[in-house]
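Undergrad: Could you have a look at this structure, given as structure tokens, before my questions?
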Amino acid sequence: MRRKSASTLCLGILFLGAVGFAPSPRAEGKLILVAHRGGVVDGEHSENSLKAMEEAIRRGYSHVEVDARCTKDGHVVCFHLNNMKTETGIDVNLSDLTLEEVKKIVLPRSREHIPTLEEFCGRSKGRIRLMIDLKGVEDRWLEPYTREIEAALVRHDLLKDTLFLINQFPVYNQEKAVAWFLGRARISWRVSLLQAELLKPFLPEVSRHYYVFNSPRDFDPAAFRGFHKMGLKIIASVNVDHYKTGDPMAQGIEDIRKMLAWGVDGLQIDSCYDPVVFEWLNKQKH
């Protein structure tokens with residue numbers, strides 16, 4: 001049987017706004033709520049589009065995760081997969097196109113062009129914070145790629161509040177790109193509690209430079225207690241594509257409930273789950 005698309009599955013969540021949660025033991029600060037793949041993605045909002053980001057702002061997300069990918073001529077645009085067929089219908093790799101060629105492509109769902117990171121940052125300034133997923137680059141574009149990202153963030157006063165994200169096992173120079181921002185923004189630390197405890201003596205001010213990011217299956221209550229004792233914030237990723245078998249909506253909701261009950265500091269979610277999270281947030285106000 002063919003698996004339903006994420007946007008189709010997301011429609012099934014809307015009746016779940018009445019789901020209740022146990023109070024969170026999270027000690028301080030507001031929940032970091034990150035809209036995955038550039039904002040609210042559905043039948044009218046394409047991934048990493050300006051319209052998707054605008055809808056995330058309207059709904060009240062604190063952050064939007066945006067994918068920073070490099071063109072053939074070394075410029076940074078907002079797009080998730082290198083092959084563009086799924087999102088645009090065009091079977092071509094973005095890394096084989098120049099910026100001008102990318103700009104000519106119209107996103108079918110939102111009917112707008114693919115934004116540069118500069119455009120995305122300009123629209124975000126003073127309105128929403130960013131989590132930037134560094135997709136990485138080949139060696140020759142490493143410095144132009146990182147400098148262009150830095151310039152956009154600095155120009156729009158976003159750098160100090162940005163969260164940087166790379167794969168659990170870095171690829172395509174991701175670890176080199178993210179090192180550029182060490183000490184100026186928080187970087188994802190995708191380690192076990194044991195690894196964190198072993199490394200902490202060699203990483204002064206670890207909580208100022210890093211945040212813990214992983215999927216719910218990588219955590220347990222002891223890990224939450226240990227990371228929080230180290231002063232590290234925990235952001236859990238709950239996305240439809242994580243659930244390869246069974247019902248991704250039911251599994252995602254259960255994971256969200258578990259993370260909130262354990263005291264997670266933030267969630268990166270597909271927007272189909274947001275009625276459940278916003279219901280929980282509203283209950284915390286009363």
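Residue numbers start at 1 in each chain; chains themselves are named A, B, ... in the order of the structure tokens; ligands are numbered from 1 in the order shown.
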Show which residues sit within 7 Å of Ile166 (chain A), as a list in words. Count only C-alpha atoms, and ignore same-chain residues fewer than 6 positions away.
TA: Asp133, Leu134, Gln174 and Ser188 of chain A
Undergrad: Generate a file of the selected residues that holds C-alpha atoms, formatted as a PDB file, in the first residue's frame.
TA:
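The new file again-v6.pdb reads:
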ATOM      1  CA  ASP A 133      19.767  23.268   8.847  1.00  0.00           C
ATOM      2  CA  LEU A 134      23.186  23.457   7.221  1.00  0.00           C
ATOM      3  CA  GLN A 174      28.583  20.165   7.671  1.00  0.00           C
ATOM      4  CA  SER A 188      23.057  21.100  17.802  1.00  0.00           C
TER       5      SER A 188
END
Undergrad: Run DSSP on the backbone of this structure and report the residues of region 197-274 of chain A it assigns to strand (DSSP E or B), as a list of chain:residue names.
TA: A:Tyr210, A:Tyr211, A:Val212, A:Phe213, A:Asn214, A:Ile234, A:Ile235, A:Ala236, A:Ser237, A:Val238, A:Gly266, A:Leu267, A:Gln268, A:Ile269
Undergrad: Atoms to include: C-alpha atoms. Write the selected residues as a short mmCIF file (atom, residue, chain, number, x, y, z; two decimals), in the first residue's frame.
TA:
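Saved the output as selection.cif:
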data_model
loop_
_atom_site.label_atom_id
_atom_site.label_comp_id
_atom_site.auth_asym_id
_atom_site.auth_seq_id
_atom_site.Cartn_x
_atom_site.Cartn_y
_atom_site.Cartn_z
CA TYR A 210 25.22 23.96 22.33
CA TYR A 211 21.72 22.57 22.65
CA VAL A 212 20.75 18.90 22.59
CA PHE A 213 18.78 17.83 19.52
CA ASN A 214 17.50 14.35 18.71
CA ILE A 234 16.72 19.85 24.86
CA ILE A 235 14.86 20.13 21.56
CA ALA A 236 13.12 16.99 20.27
CA SER A 237 12.24 16.49 16.62
CA VAL A 238 8.77 15.06 15.90
CA GLY A 266 11.60 22.71 22.66
CA LEU A 267 9.96 20.79 19.85
CA GLN A 268 10.70 20.84 16.16
CA ILE A 269 7.48 19.64 14.52
#
Undergrad: Could you name the residues that touch Val34 (chain A) at 9 Å or less, counting only C-alpha atoms, but leaving out those on the same chain fewer than 6 positions away, as a list in words?
TA: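 Listed by chain and then number, they are Ala56, Tyr61, Ser62, His63, Val64, Glu65, Arg129, Leu130, Met131, Gly266, Leu267, Gln268, Ile269 and Asp270 of chain A.
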Undergrad: Which is closer to Arg111 (chain A) than all the others in A:Ala222, A:Ile149, A:Leu193, A:Leu50, using only C-alpha atoms?
TA: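 Under the stated criterion, the closest residue is A:Leu50.
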Undergrad: I'd like the contact shell of Lys51 (chain A) - 12 Å cut-off, only C-alpha atoms, skipping same-chain residues fewer than 3 positions apart - returned as a list in words.
TA: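 Neighbouring residues, sequence-local ones excluded: Gly38, Gly39, Val40, Val41, Asp42, Gly43, Glu44, His45, Ser46, Glu47, Asn48, Glu54, Glu55, Ala56, Ile57, Arg58, Leu107, Arg109, Ser110, Arg111, Glu112, His113, Ile114, Pro115, Phe120, Arg123 and Ser124 of chain A.
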Undergrad: I need the chosen residues saved as a short mmCIF file (atom, residue, chain, number, x, y, z; two decimals), in the first residue's frame, with N, CA and C atoms.
TA:
data_model
loop_
_atom_site.label_atom_id
_atom_site.label_comp_id
_atom_site.auth_asym_id
_atom_site.auth_seq_id
_atom_site.Cartn_x
_atom_site.Cartn_y
_atom_site.Cartn_z
N GLY A 38 10.72 25.05 7.04
CA GLY A 38 10.44 26.40 6.59
C GLY A 38 9.12 26.99 7.01
N GLY A 39 8.36 26.29 7.84
CA GLY A 39 7.10 26.88 8.30
C GLY A 39 5.95 25.90 8.25
N VAL A 40 4.77 26.43 8.02
CA VAL A 40 3.57 25.60 7.90
C VAL A 40 3.49 25.09 6.47
N VAL A 41 3.64 23.78 6.31
CA VAL A 41 3.68 23.16 4.98
C VAL A 41 2.40 22.35 4.78
N ASP A 42 1.65 22.72 3.75
CA ASP A 42 0.40 22.02 3.45
C ASP A 42 0.08 22.19 1.97
N GLY A 43 -1.17 22.02 1.58
CA GLY A 43 -1.53 22.08 0.17
C GLY A 43 -1.34 23.44 -0.46
N GLU A 44 -1.22 24.50 0.34
CA GLU A 44 -1.07 25.84 -0.19
C GLU A 44 0.27 26.49 0.14
N HIS A 45 1.05 25.82 0.98
CA HIS A 45 2.32 26.38 1.42
C HIS A 45 3.44 25.39 1.13
N SER A 46 4.35 25.75 0.24
CA SER A 46 5.49 24.89 -0.10
C SER A 46 6.55 24.92 0.99
N GLU A 47 7.35 23.86 1.03
CA GLU A 47 8.46 23.80 1.98
C GLU A 47 9.40 24.98 1.78
N ASN A 48 9.88 25.55 2.87
CA ASN A 48 10.89 26.61 2.84
C ASN A 48 10.47 27.83 2.02
N GLU A 54 5.44 32.82 6.82
CA GLU A 54 4.43 33.79 7.27
C GLU A 54 3.32 33.10 8.06
N GLU A 55 2.92 31.92 7.62
CA GLU A 55 1.86 31.19 8.32
C GLU A 55 2.36 30.71 9.69
N ALA A 56 3.64 30.33 9.77
CA ALA A 56 4.21 29.94 11.06
C ALA A 56 4.20 31.12 12.04
N ILE A 57 4.51 32.30 11.53
CA ILE A 57 4.46 33.50 12.37
C ILE A 57 3.03 33.75 12.84
N ARG A 58 2.09 33.63 11.92
CA ARG A 58 0.68 33.89 12.27
C ARG A 58 0.19 32.93 13.35
N LEU A 107 7.39 27.46 -7.23
CA LEU A 107 6.93 26.37 -6.35
C LEU A 107 5.45 26.14 -6.60
N ARG A 109 2.89 24.62 -5.11
CA ARG A 109 1.85 24.77 -4.09
C ARG A 109 1.64 26.22 -3.68
N SER A 110 2.70 26.94 -3.43
CA SER A 110 2.55 28.31 -2.94
C SER A 110 2.63 29.35 -4.05
N ARG A 111 2.98 28.91 -5.27
CA ARG A 111 3.03 29.81 -6.43
C ARG A 111 3.97 31.00 -6.18
N GLU A 112 5.14 30.70 -5.70
CA GLU A 112 6.15 31.73 -5.48
C GLU A 112 7.52 31.15 -5.78
N HIS A 113 8.52 32.02 -5.88
CA HIS A 113 9.86 31.54 -6.20
C HIS A 113 10.54 30.98 -4.96
N ILE A 114 11.62 30.26 -5.18
CA ILE A 114 12.43 29.72 -4.09
C ILE A 114 13.24 30.87 -3.49
N PRO A 115 13.09 31.14 -2.19
CA PRO A 115 13.79 32.30 -1.63
C PRO A 115 15.28 32.04 -1.39
N PHE A 120 14.84 35.23 3.08
CA PHE A 120 14.18 34.58 4.22
C PHE A 120 14.52 35.32 5.51
N ARG A 123 12.71 38.73 5.79
CA ARG A 123 11.31 38.61 6.17
C ARG A 123 11.17 38.18 7.63
N SER A 124 12.17 37.48 8.17
CA SER A 124 12.11 36.97 9.55
C SER A 124 12.45 38.03 10.59
#
Undergrad: As a count of residues only, which residues of region 85-230 of chain A does DSSP assign to helix (DSSP H, G or I)?
TA: 72
Undergrad: Could you check which of A:Lys285, A:Arg225, A:Lys176, A:His156 is closest to Val264 (chain A), using only C-alpha atoms?
TA: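 For Val264 (chain A), the nearest of the given residues is A:Arg225.
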Undergrad: Could you check which of A:Gly231, A:Gly136, A:Gly226, A:Gly74 is closest to Ala177 (chain A), using only C-alpha atoms?
TA: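 Checking each candidate against Ala177 (chain A), we get A:Gly136 as the closest.
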Undergrad: So which one's closest to Ile128 (chain A), A:Val171, A:Ala35, A:Leu198, A:Leu81? Using only C-alpha atoms, please.
TA: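 Of A:Val171, A:Ala35, A:Leu198, A:Leu81, the one nearest Ile128 (chain A), counting only C-alpha atoms, is A:Ala35.
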